[in-house]
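Visitor: What follows is a structure written as structure tokens; I'll ask about it next.
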Number of protein chains: 4
Amino acid sequence: MDDLRLTASPAGAGTRTHIQVGDVCIGRDFAIIGGPCAVENPEQALEAAWAVKRAGAHILRGGAFKPRTSPYAFQGLEEQGLEILRVAASATGLPVVTEVMDTRHIEAVAECADILQVGSRNMHNSTLLKELGQATRPVLLKRGMNATLQEWLGAAEYIMAGGNTQVILCERGIRTFETYTGNTLDLSMVPAVRELTHLPIIVDPSHGTGRASLVEAMSLAAVAAGADGLMVEVHPTPPDALSDGEQQLTPAAFAHLTEAVSALVAFMRGDHRTVPRPASGSP
Amino acid sequence: MDDLRLTASPAGAGTRTHIQVGDVCIGRDFAIIGGPCAVENPEQALEAAWAVKRAGAHILRGGAFKPRTSPYAFQGLEEQGLEILRVAASATGLPVVTEVMDTRHIEAVAECADILQVGSRNMHNSTLLKELGQATRPVLLKRGMNATLQEWLGAAEYIMAGGNTQVILCERGIRTFETYTGNTLDLSMVPAVRELTHLPIIVDPSHGTGRASLVEAMSLAAVAAGADGLMVEVHPTPPDALSDGEQQLTPAAFAHLTEAVSALVAFMRGDHRTVPRPASGSP
Amino acid sequence: MDDLRLTASPAGAGTRTHIQVGDVCIGRDFAIIGGPCAVENPEQALEAAWAVKRAGAHILRGGAFKPRTSPYAFQGLEEQGLEILRVAASATGLPVVTEVMDTRHIEAVAECADILQVGSRNMHNSTLLKELGQATRPVLLKRGMNATLQEWLGAAEYIMAGGNTQVILCERGIRTFETYTGNTLDLSMVPAVRELTHLPIIVDPSHGTGRASLVEAMSLAAVAAGADGLMVEVHPTPPDALSDGEQQLTPAAFAHLTEAVSALVAFMRGDHRTVPRPASGSP
Amino acid sequence: MDDLRLTASPAGAGTRTHIQVGDVCIGRDFAIIGGPCAVENPEQALEAAWAVKRAGAHILRGGAFKPRTSPYAFQGLEEQGLEILRVAASATGLPVVTEVMDTRHIEAVAECADILQVGSRNMHNSTLLKELGQATRPVLLKRGMNATLQEWLGAAEYIMAGGNTQVILCERGIRTFETYTGNTLDLSMVPAVRELTHLPIIVDPSHGTGRASLVEAMSLAAVAAGADGLMVEVHPTPPDALSDGEQQLTPAAFAHLTEAVSALVAFMRGDHRTVPRPASGSP
């Protein structure tokens, strides 16, 4: 990592980046983000928003602009999707994170969203990253599906070098040979990011596994690894979803997840952290 | 997975495989295995054995036969290493797991060891697997560094088809493009193995990360993901190790790890499990 | 591939896409593109341009906008680089291909360049791809370093769906675990693209191997595999290059390569192609 | 590569290893090996043997012991398969290469076979490699599907350190994320092996692509890259094959391939090699 001058490098105790979004302080509080893969219509978005709100999530997610393999696949509702998100956010009082894929949309997305997301496919898009360095909103930067840790931190640096230091990293799985899972969730990035930087790191177990049945176990694992939060896909009726149906949770499964996660967070921050911790690997 | 007839498939509630080794029942109790990468000499082995015993580990690990990239690298003490392990086991009362790489050594290794390990490089060695199907010792089967879940379960089936159903799976990281970690620890295999089979699954965060500083965090993550145990490399003085020095823990770091892990296991099996759990992903 | 409706699919004999650029008809003639990784200054660019011209290349390459891992690495000369390229092109009479990374630069790049290149890091940038669907210049679309064939053809479709059917595919190596080479050049994409589409496919053995010593052998292999052209990095003095020094060829090595390649192309299109060819794999 | 002391390293001009097998001198002549994935019965083996003989192949291949993912898949005819191979070899006068998976079978396989093959799944099996260091037959060492070049050369060294320097390397594709091809054939290993060692390197485009339709193009590419030979799967009726049906060639397709390959070999060794060749990459 020595060839990467990093604004994000730790500078001493107590200097971890804190990012206040609505009622949650990311980097200090454990943040739970939930919502559908894509905004499909006002009813679906509102139902999902209330479901994640009731389950205790702090932030609503939902895609308006969707990067897809084929141009003939559903591309998202775009501007209309932003408007629907705004309504769902107002109704529930939840802050919103949504993806921005085009420098020309940054302003419109920033009007609707509290956090601007850079998706995995755009992590190497330095044009977009540089522009987000000028934005006044926090940026949630997903790891590219083929990005090394060094490249991911380099992408963060593109944003931070422009003056926007409100960067949240999000591990979402990398592409490997394994096919049982859609991607391979690389949780070792959680302690690795924490030892190399002062930035918050959250985990997306939905894209990270591609299977609803694995999401809760990997959410708990993320908490135990030291993650600062989770980003989970939730849909009122996953089999009807226009995208990613097999990995989205039902509202009931999400509610179960948040209850289990919250209990584990409380434990990890209470009992467990009272154990005095020496530097790992040293005598 | 439908093309894999699997003796290991679940057959209903309460049928998970239990394997008694010394005082620990793998598959029911949380099992902690610790010890050096390689047995280097009697003093090192005994010191490591006492260190892991004192820290509360249930089983001693240590390599006598070492698979290495170069034939000129340290290959292990071989038969002499087995003898040293036997002495360390007797002194501490710990059962032993050690690797067997050759069908002609199975008998000699089984005399010394309570569990026979198949290493990552031999997971595809069906000759060895078939022969272990005749062994009367449990087999710890590491995932090949490039093996899909289906191939790993196929390897388990080679052993079980021969009549030896005492198989413990061990996730130890897969080979990816990431270089910060030595391998990419694929913790999603823990819930995946649990939903597909009744076999115990443990995690090796030492090879899984290749960095001592990441081992404790990933051990806790493994517990939270539902693993049945851990296998951790511990060396009296890691910088002096003849192999894998950068990933072995000191006795003090291992003691810290076992304390944190034990507390988390207690929590996961207590409070957390009292939350009634619906089938994940269903409403 | 059945979920990808593809404008690029073959529609019968004699329908391969032909793209005329300067004196070369890509898809019919074997096209050789050469030039530096990055435009560094007027002298370097002109010297490289004359070197590739003298060696018989048909098109000049050179980066003005450079995607880099770190924002502090050399980012290219940008608009000034385009101007230098234009001068070098005028002087030598060579057409130019150069990368465009930003929708806002398409017009400026199209004024200087005869072919617009989409780099590996932007293959998933659907915003850029859609915009290039409106461009009147041919597009050279590099495969993403982690892109499957299906995703690559999907990216081509984003461009073609907008009306620009002048797409040239370029295999440039994928990211694997191998470290001796910088990437793994996947030449099987050449016959695969030819059996699935009517688009020209060229090969970049410079990024594809990351080692100058392997470039000529892999160039010849690309020809034999059926590629429609090559894109090779050439620098007057590689050790002085501001980027990719270890993979750029000297003018002398490039001249040797073009001579060997031209002889092989003549052979492949003469003697060899006179062998009547049955459908591979059928009796 | 500096941590690998290599018996295989080049020691100067004119020292490439030559291995005489029947009428072909591997390392000097271009060697073509053909035959079925597995020996299925005497008729199939004999028909395949005559087909490859008629097409001009120098060596017959055929699997008697088959490494498979599932223990319930066809495992080969084993000893009976060796006997069938011996009969087919006698009838046609072709030397034979076949896989050995077990140290206890080396003697029996060596009685039947002129070359002992180590398969991809056993490349890391150092027990087998060491034993083959004592064998008096040449060894064809396939690259492990996840092996780096360094590990592959390390495996060769295990054999050579035992005194058997008759080692032929065989690139057969590595495991990547691409799914259109079964593996990713890494032809850059051909010039890489040639610059690092004096050992012959052949290519298996059948496993390397997993698709019959890509085999001829990749065979020609292997020749152009500088390979010392090819190993191609041929079956009298591929759709009836008990294994690997989709990648085996018909006798007619194989005959077409050998004709095209032979013409290219003649060209590469004639016209092309008369071009004086400077060290690649140097001025």
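We label chains A, B, ... in the order they appear in the structure tokens, count residues from 1 in each chain, and number ligands from 1 in the order shown.
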Once DSSP has gone over the backbone, tell me which residues of range 55-151 of chain B are in strand (DSSP E or B), as number ranges by chain.
Guide: B: 59-61, 63, 96-99, 115-118, 139-142
Visitor: Please produce a file of the residues just selected, as a short mmCIF file (atom, residue, chain, number, x, y, z; two decimals), in the first residue's frame, where the atoms kept are all heavy atoms.
Guide:
```cif
data_model
loop_
_atom_site.label_atom_id
_atom_site.label_comp_id
_atom_site.auth_asym_id
_atom_site.auth_seq_id
_atom_site.Cartn_x
_atom_site.Cartn_y
_atom_site.Cartn_z
N ILE B 59 -8.16 -28.87 20.90
CA ILE B 59 -7.40 -29.79 20.05
C ILE B 59 -6.11 -29.09 19.60
O ILE B 59 -6.11 -27.89 19.34
CB ILE B 59 -8.24 -30.20 18.81
CG1 ILE B 59 -9.54 -30.88 19.26
CG2 ILE B 59 -7.45 -31.11 17.87
CD1 ILE B 59 -10.54 -31.14 18.14
N LEU B 60 -5.04 -29.87 19.52
CA LEU B 60 -3.74 -29.35 19.07
C LEU B 60 -3.55 -29.65 17.59
O LEU B 60 -3.79 -30.78 17.15
CB LEU B 60 -2.62 -30.03 19.86
CG LEU B 60 -1.17 -29.72 19.45
CD1 LEU B 60 -0.82 -28.26 19.70
CD2 LEU B 60 -0.20 -30.66 20.21
N ARG B 61 -3.13 -28.63 16.84
CA ARG B 61 -2.77 -28.87 15.45
C ARG B 61 -1.26 -28.72 15.30
O ARG B 61 -0.61 -28.08 16.13
CB ARG B 61 -3.48 -27.92 14.49
CG ARG B 61 -3.10 -26.45 14.66
CD ARG B 61 -3.18 -25.70 13.33
NE ARG B 61 -2.06 -26.10 12.49
CZ ARG B 61 -2.06 -26.06 11.16
NH1 ARG B 61 -3.10 -25.63 10.51
NH2 ARG B 61 -0.99 -26.45 10.48
N GLY B 63 1.82 -29.43 11.85
CA GLY B 63 2.13 -30.16 10.62
C GLY B 63 3.43 -30.93 10.73
O GLY B 63 4.46 -30.37 11.12
N VAL B 96 -5.02 -34.54 18.88
CA VAL B 96 -4.18 -33.95 17.84
C VAL B 96 -4.83 -34.12 16.46
O VAL B 96 -5.41 -35.16 16.17
CB VAL B 96 -2.80 -34.65 17.83
CG1 VAL B 96 -2.06 -34.39 16.52
CG2 VAL B 96 -1.96 -34.17 19.00
N VAL B 97 -4.71 -33.04 15.66
CA VAL B 97 -5.04 -33.16 14.23
C VAL B 97 -3.79 -32.82 13.44
O VAL B 97 -3.11 -31.84 13.72
CB VAL B 97 -6.21 -32.23 13.83
CG1 VAL B 97 -5.97 -30.79 14.19
CG2 VAL B 97 -6.51 -32.36 12.33
N THR B 98 -3.50 -33.63 12.44
CA THR B 98 -2.33 -33.35 11.59
C THR B 98 -2.60 -33.88 10.19
O THR B 98 -3.44 -34.74 9.99
CB THR B 98 -1.04 -33.94 12.20
OG1 THR B 98 0.10 -33.34 11.55
CG2 THR B 98 -0.96 -35.45 12.01
N GLU B 99 -1.86 -33.30 9.25
CA GLU B 99 -2.14 -33.59 7.84
C GLU B 99 -1.54 -34.89 7.38
O GLU B 99 -0.41 -35.25 7.76
CB GLU B 99 -1.60 -32.44 6.97
CG GLU B 99 -1.88 -32.64 5.49
CD GLU B 99 -1.64 -31.40 4.64
OE1 GLU B 99 -1.40 -30.31 5.20
OE2 GLU B 99 -1.72 -31.53 3.40
N ILE B 115 -7.46 -36.86 14.60
CA ILE B 115 -8.16 -36.42 13.38
C ILE B 115 -7.13 -36.35 12.26
O ILE B 115 -6.03 -35.83 12.45
CB ILE B 115 -8.80 -35.02 13.56
CG1 ILE B 115 -9.76 -34.99 14.77
CG2 ILE B 115 -9.53 -34.60 12.28
CD1 ILE B 115 -10.34 -33.60 15.05
N LEU B 116 -7.50 -36.88 11.10
CA LEU B 116 -6.61 -36.85 9.94
C LEU B 116 -7.02 -35.68 9.06
O LEU B 116 -8.17 -35.57 8.66
CB LEU B 116 -6.75 -38.15 9.15
CG LEU B 116 -6.54 -39.44 9.96
CD1 LEU B 116 -6.80 -40.67 9.09
CD2 LEU B 116 -5.12 -39.47 10.53
N GLN B 117 -6.06 -34.80 8.76
CA GLN B 117 -6.38 -33.63 7.94
C GLN B 117 -6.01 -33.86 6.48
O GLN B 117 -4.92 -34.36 6.17
CB GLN B 117 -5.61 -32.42 8.48
CG GLN B 117 -5.82 -31.16 7.65
CD GLN B 117 -5.07 -29.96 8.23
OE1 GLN B 117 -5.06 -29.78 9.45
NE2 GLN B 117 -4.49 -29.17 7.38
N VAL B 118 -6.93 -33.49 5.59
CA VAL B 118 -6.60 -33.41 4.17
C VAL B 118 -6.43 -31.93 3.85
O VAL B 118 -7.34 -31.13 4.07
CB VAL B 118 -7.72 -34.01 3.29
CG1 VAL B 118 -7.41 -33.82 1.81
CG2 VAL B 118 -7.92 -35.47 3.62
N VAL B 139 -12.01 -37.28 9.64
CA VAL B 139 -11.20 -36.56 8.65
C VAL B 139 -11.60 -35.09 8.62
O VAL B 139 -12.79 -34.77 8.53
CB VAL B 139 -11.39 -37.17 7.24
CG1 VAL B 139 -10.61 -36.37 6.20
CG2 VAL B 139 -10.94 -38.63 7.22
N LEU B 140 -10.62 -34.21 8.73
CA LEU B 140 -10.86 -32.78 8.57
C LEU B 140 -10.48 -32.44 7.13
O LEU B 140 -9.31 -32.53 6.75
CB LEU B 140 -10.01 -32.00 9.57
CG LEU B 140 -10.28 -30.49 9.66
CD1 LEU B 140 -9.92 -29.99 11.07
CD2 LEU B 140 -9.50 -29.71 8.64
N LEU B 141 -11.48 -32.05 6.33
CA LEU B 141 -11.28 -31.87 4.89
C LEU B 141 -11.27 -30.38 4.55
O LEU B 141 -12.31 -29.71 4.53
CB LEU B 141 -12.42 -32.56 4.13
CG LEU B 141 -12.42 -32.41 2.61
CD1 LEU B 141 -11.18 -33.05 1.99
CD2 LEU B 141 -13.70 -33.00 2.01
N LYS B 142 -10.09 -29.86 4.26
CA LYS B 142 -10.00 -28.45 3.89
C LYS B 142 -10.50 -28.25 2.46
O LYS B 142 -10.32 -29.11 1.61
CB LYS B 142 -8.55 -27.98 4.03
CG LYS B 142 -8.11 -27.84 5.48
CD LYS B 142 -6.89 -26.93 5.58
CE LYS B 142 -6.75 -26.38 6.98
NZ LYS B 142 -5.66 -25.38 7.05
#
```
Visitor: With only C-alpha atoms considered, list every residue of chain D at most 8 Å from chain A, as a PyMOL selection string.
Guide: chain D and resi 175-177
Visitor: Please provide the set of residues having any atom within 12 Å of Asn125 in chain A, restricted to only C-alpha atoms, with same-chain residues fewer than 5 positions apart removed, written as a ChimeraX atom specification.
Guide: /A:100-103,118-120,130-132,141-144,151-152,154-156,158-159 /C:66-69,71,100-103,118-128
Visitor: I need the residue nearest Arg54 in chain B from this list: B:Gly93, B:Glu171, B:His105, B:Glu79. Use only C-alpha atoms for the distance.
Guide: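 Distance minimum relative to Arg54 in chain B lands on B:Gly93.
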Visitor: With only C-alpha atoms as the counted atoms, please give the residues lying no more than 9 Å from Arg211 in chain C, apart from itself and same-chain residues fewer than 5 positions off, as an NGL selection string.
Guide: (:C and (180-182 or 205-206 or 246-248)) or (:D and (281))
